[in-house]
Amino acid sequence: MGNWMDQQLKIGDSDLPRSLESDTSAESHSTLIAEDGALPDCELHPEMNSELSDAATLEQRRAYKIELQKGVSLFNRKPSKGVEFLINMKKVGNSPEEVAFFLKNNTTGLSETMIGDYLGEREEFALRVMHAYVDSFNFKSMDFGEAIRFFLRGFRLPGEAQKIDRIMEKFAERYCKCNPNSFTSADTAYVLAYSVIMLNTDAHNSMVKDKMSKADFIRNNRGIDDGKDLPEEYLGALYDQIVKNEIKMKADSVPQSKQANSLNKLLGLDGILNMVSWKQTEEKPLGANGLLIRHIQEQFKAKSGKSESVYHTVSDVAILRFMVEVCWGPMLAAFSVTLDQSDDRLATTQCLQGFRHAVHVTAIMGMQTQRDAFVTSVAKFTFLHCAADMKQKNVDAVKAIISIAIEDGNHLQEAWEHILTCLSRIEHLQLLGEGAPTDASFLSVSNTETDEKMAKPIALQSLKKKGSLRNPAVMAVVRGGSYDSTAVGVNSSGLVTPEQINHFIANLNLLDQIGNFELNHVFGHSQRLNSDAIVAFVKALCKVSISELQSPTDPRVFCLTKLVEIAHYNMNRIRLVWSRMWNVLSDFFVSVGLSENLSVAIFVMDSLRQLAMKFLEREELANYNFQNEFLRPFVIVMQKSNSAEIRELIIRCISQMVLSRVTNVKSGWKSVFMVFTAAAADEQKSIVLLAFETMEKIVREYFPHITETDATTFTDCVRCLLKFTNSRFNSDVSLNAIAFLRFCAVKLAEGGLVCIDKSLDDASPVTVANKDDSDIQSFADIDDHGSYWVPLLTGLSKLTSDSRLAIRKTSLEVLFNILKDHGHLFSLPFWIGVFSSVVLPIFNGVCEKRDMPVKDEQDSPTLKCPYPDGSNWDTETSAVAAQCLVDLFISFYNVLRPQLSNVVSVLTGYLRSSIQGHASTGVAAVFRLTGELGSRLSDDEWREIFLALKGAATSMLPGFMKLLRTMDDIMVPDSSQSYPNTETSSDHGMTNDDIENDNLQTVAYVVSRMKSHIAEQLLIMQVIIDMYKRHLRFLSAANINIIVEIFSSIASHAQQLNSDTTLQRKTQKACSILELSEPPMVHFENEAYQNYLNFLQDLVKNNPSVSEEMNLESLLVAVCEKILQIYLNCADYPYAMQTSVEKPVTHWILPLGSAKREELAARTPLLVSALEALSGLERDSFGKYIANFFPLLVDLVRSEHSSGEVQRVLSNIFQSCIGPIIMQ
């Protein structure tokens, strides 16, 4: 106390005489600063100190110390009063932190027991002091055992279990906050703390004979880490640490009495804590009578020592066990026979008293078999199973059963089932006697007259008037049955006799001796049962309740209502015990909630709602999982129930609980979102809309509460919203859910989901329910913050393949907007994961391979659908996706640069798509990409782009040529003879007609594919030309060579396609029959060679260095020769391909037909371009190559032309180019 006073009282000690320093050193630091910060006048004005006399200063300090000691003394008697006094007297500040500081650092004179008792109080201020006290400890990097030892040095744990629970719960939370990677959750630390205290008691209490081994300690702590085991090495080291070094307080010197140790053994969890200090009564000085009594006792002891008889004092009550094992059988027989055969009230009373004592002794000794035998015998003697034969002694047996339940409830364990069965039967008989309707009247649907009669109340007066009973439930009770039967009298039949009725009525009057108070007292007394006993009580009550509900003749809810009451009564138990209770209750509520009896299921769900509302009033600290476990029955029933009424009721219950207790919901959010996730997939529209209405309100108004204590619930919220996006009832729900996903992304980017005092390092991307971590696993080296983005982004990515256009388009836009707006927060490894798992999968449907007609071995050629089911987008969605991809890549080019090959691969995949419009979309996207990044692209990156375009152009050729080969076996009839044969063939069946139709459909598909193929090839050439013109200065010779290869390949392919005359004839016939336009093969060939020729001309003219390096001039001449040959072949000139002049010359040339003239007219511009290209060569170059193409020029002179332009250009070549060479 002196040190604390020295820190607080700052009255000028330098002015005090030396002689007083030693006397006042313990007092000189005792003044507390007042709440408003005001100090005594002597502190504010040091100059006044010289005017104060030494006597006045000492008097002031003495008065202060007296008041302080008065407060300490009051605290040691009544802690709350003492704290209040010290605050009022300005000896300690009024904030919880200052009081906690006073208790922690100033324990001289304060009772450690009272400190612990005060810290365990549940009043608001004391609770805040306890929180401040625990938070003042820093357990960082401290071993768990040492942390407990350090924590318990300054106070003694209180004796009340609830107080211990509150302190240890806060300790566990604080330890996990200081060491975030120590355990999965604070629940683990909480349970382990209790285990350590139990081990400390077991190891260092001399009254414990059988010590806990290391293996026992490890076994007792299995599964406490969120269902997983802590490392055995860790638990073993903790065991050795506690066993070798007892956990003690600084001044732990108060021995516990032998009586207290005996009591602790019987109290279960509440008594195993050896460190708990029970309030000791102060020893009072003995008066005269006390001294006299002590003197007499000493004389008796002296005389007894001189006696001849030898007495052995046995302190261990276990010796009684051997005595009971010898005599319990004869005792049971004596009590049972007498009680059964005798009606003497005195004898039966003594027998029942013997039963009560026998149950007490066997229960205390833990003799389960003997205890159950005595309890079962008393239960059978109640005759509640055959009420018509009851007597007064049976009513006394009922009273004995109730007394046993109240007196020995802590030790009954499995025997509770017999007692609760008796209580259930008593209540049943009382209801029948009162004439109240049975529970079956509202637990089952009445469809028959018998059912209606069962619901009618029958009072005692009516029983007396009627000679028989028609109510099956009452008749079954009157007839009776065996003790072990589930439903009394269920196997009996027939009417009862008047004598039985009279006996039954009389016995009902006997049961009036047992009122509702006695019955309810048993259940109300459950609050006083110890931890093991209450769990056994709840298990037994659940069993009896299920037996009641499953009764075939008279289902009842008595025990079900009592279960709700018991849960309510015991909700304030320590969480360790409550968790064990709830494991039993949870399974029961789920089992009954899934009952086929709708009324029972509704009743139990509403009861669960009431309990949940009460439970949510309790505050839950961070890192705990109690609420989630409590609400789990709602989740299981919601997922498994076949009743729409039950599922709708659950949604309404959860909505009411969340909206009315939103500030108290912590870990319960996980279960809430799991319920709504199940509702989102429900088959009932009303359930989906009702759930989303609540979900919308939660996200709009209460989003900060979702992640207040646990950021991982953000993932549960996202997955729930994603489930709503798949709603097939209302597109508005899906669109709103997508909008909320974007809202969640904004909050995530802002850091708003990180709970208070919890860094991102504490977070874990693990979820309780609906665990689908495949998306997260695909991200390499993902950090904790990134793990929250994964479900949101992958969910939106999957939505882009939705069958609904609005959903596809909206999800695409939202996904890419999120990436653009918040991509600056992503690391490079995370971006790689985003591209591989989020962005690229979106375009899988775009790059589907083309389907083609397949001819089966037996059947005729049939056409398979060229569009995979649901895997392809419409043109609008495809355009939006490509645009978004390019925008994203351009925006984050510096980060995403390594992904260029993937982006280009996706865009060129559009060119391979068979869907109309995709090719133009891909071409436009590639052009925009290169247009924005042209100057920033390296030579290797340009190479990647051109190689991708080359791959797109060439990869389509094998499949296309294979498709054309299907035309080889198809016979297309002439239009003049196709349809007249139909009538003839119909007389013999439809086989030939069907084959012909299939052939025409196949040809029609081939024609369609030819048209799209030609358009795609020309688009590739066009985008390359545009890119070349815009970025010529950035292109190297190697990249230009790739372009040349692409143009050469496309031009050769066009010439090959156009030279297949058989294919042309078949397509012409089919197009004529089907009234389709022919594929533009001539146009394809002309455009391909025209583009190729223009490209080479431009290079030779404007880029002579590259032209010379690549010898492009010779290539240009070769292309011109090819164009001339193609033109001459079209003109059917026989000498076009001659290389020898030795063959005879044809003297007659037939005029060309109209079709040939049209084709020549179409080819004339290309021919003119080729001739002009040749004439444009330098004289030396022209002379160098003239030998190659001079014969072709001669043939052109001799050929027929559709335009005079050809003759003009030829004349120019001969005059200006060939003439000068000849004249040399």
# chains A, B, ... in the order shown; residues from 1 in each chain; ligands from 1
>>> residues_around(residues="Glu683 of chain A", least_positions_apart="5", cutoff="12 Å", atoms="only C-alpha atoms", output="ChimeraX atom specification")
/A:642-644,647-648,678,688-689,727-729
>>> select_by_dssp(residues="segment 578-641 of chain A", states="alpha helix (DSSP H)", output="ChimeraX atom specification")
/A:578-593,598-615,626-640
>>> residues_around(residues="segment 592-597 of chain A", least_positions_apart="5", cutoff="9 Å", atoms="only C-alpha atoms", output="number ranges by chain")
A: 443-445, 546, 549, 587, 602-605, 633-634, 637, 640-643, 646
>>> residues_around(residues="Lys1184 of chain A", least_positions_apart="6", cutoff="12 Å", atoms="only C-alpha atoms", output="mmCIF file with C-alpha atoms, in the first residue's frame")
data_model
loop_
_atom_site.group_PDB
_atom_site.id
_atom_site.type_symbol
_atom_site.label_atom_id
_atom_site.label_comp_id
_atom_site.auth_asym_id
_atom_site.auth_seq_id
_atom_site.Cartn_x
_atom_site.Cartn_y
_atom_site.Cartn_z
ATOM 1 C CA GLU A 1113 11.102 -8.339 -104.245
ATOM 2 C CA SER A 1114 11.392 -11.901 -105.545
ATOM 3 C CA VAL A 1117 7.211 -11.189 -108.366
ATOM 4 C CA LEU A 1174 5.358 -5.624 -112.121
ATOM 5 C CA LEU A 1177 9.704 -2.544 -110.548
ATOM 6 C CA GLU A 1178 13.031 -0.927 -111.199
ATOM 7 C CA PHE A 1190 7.085 -12.953 -119.994
ATOM 8 C CA CYS A 1217 9.226 -1.891 -119.620
ATOM 9 C CA ILE A 1218 9.799 -4.603 -122.216
ATOM 10 C CA ILE A 1221 14.999 -3.929 -122.790
#
>>> closest_residue(among="A:Glu112, A:Asp802, A:Asp210, A:Glu693", to="Phe676 of chain A", atoms="only C-alpha atoms")
A:Glu693
>>> atom_distance(atom1="atom CA of Met674 of chain A", atom2="atom CA of Tyr788 of chain A")
17.3 Å
>>> residues_around(residues="Leu1099 of chain A", least_positions_apart="3", cutoff="12 Å", atoms="only C-alpha atoms", output="PyMOL selection string")
chain A and resi 1025+1028-1029+1032+1035+1037+1040-1041+1043-1044+1092-1096+1102-1113+1115-1116
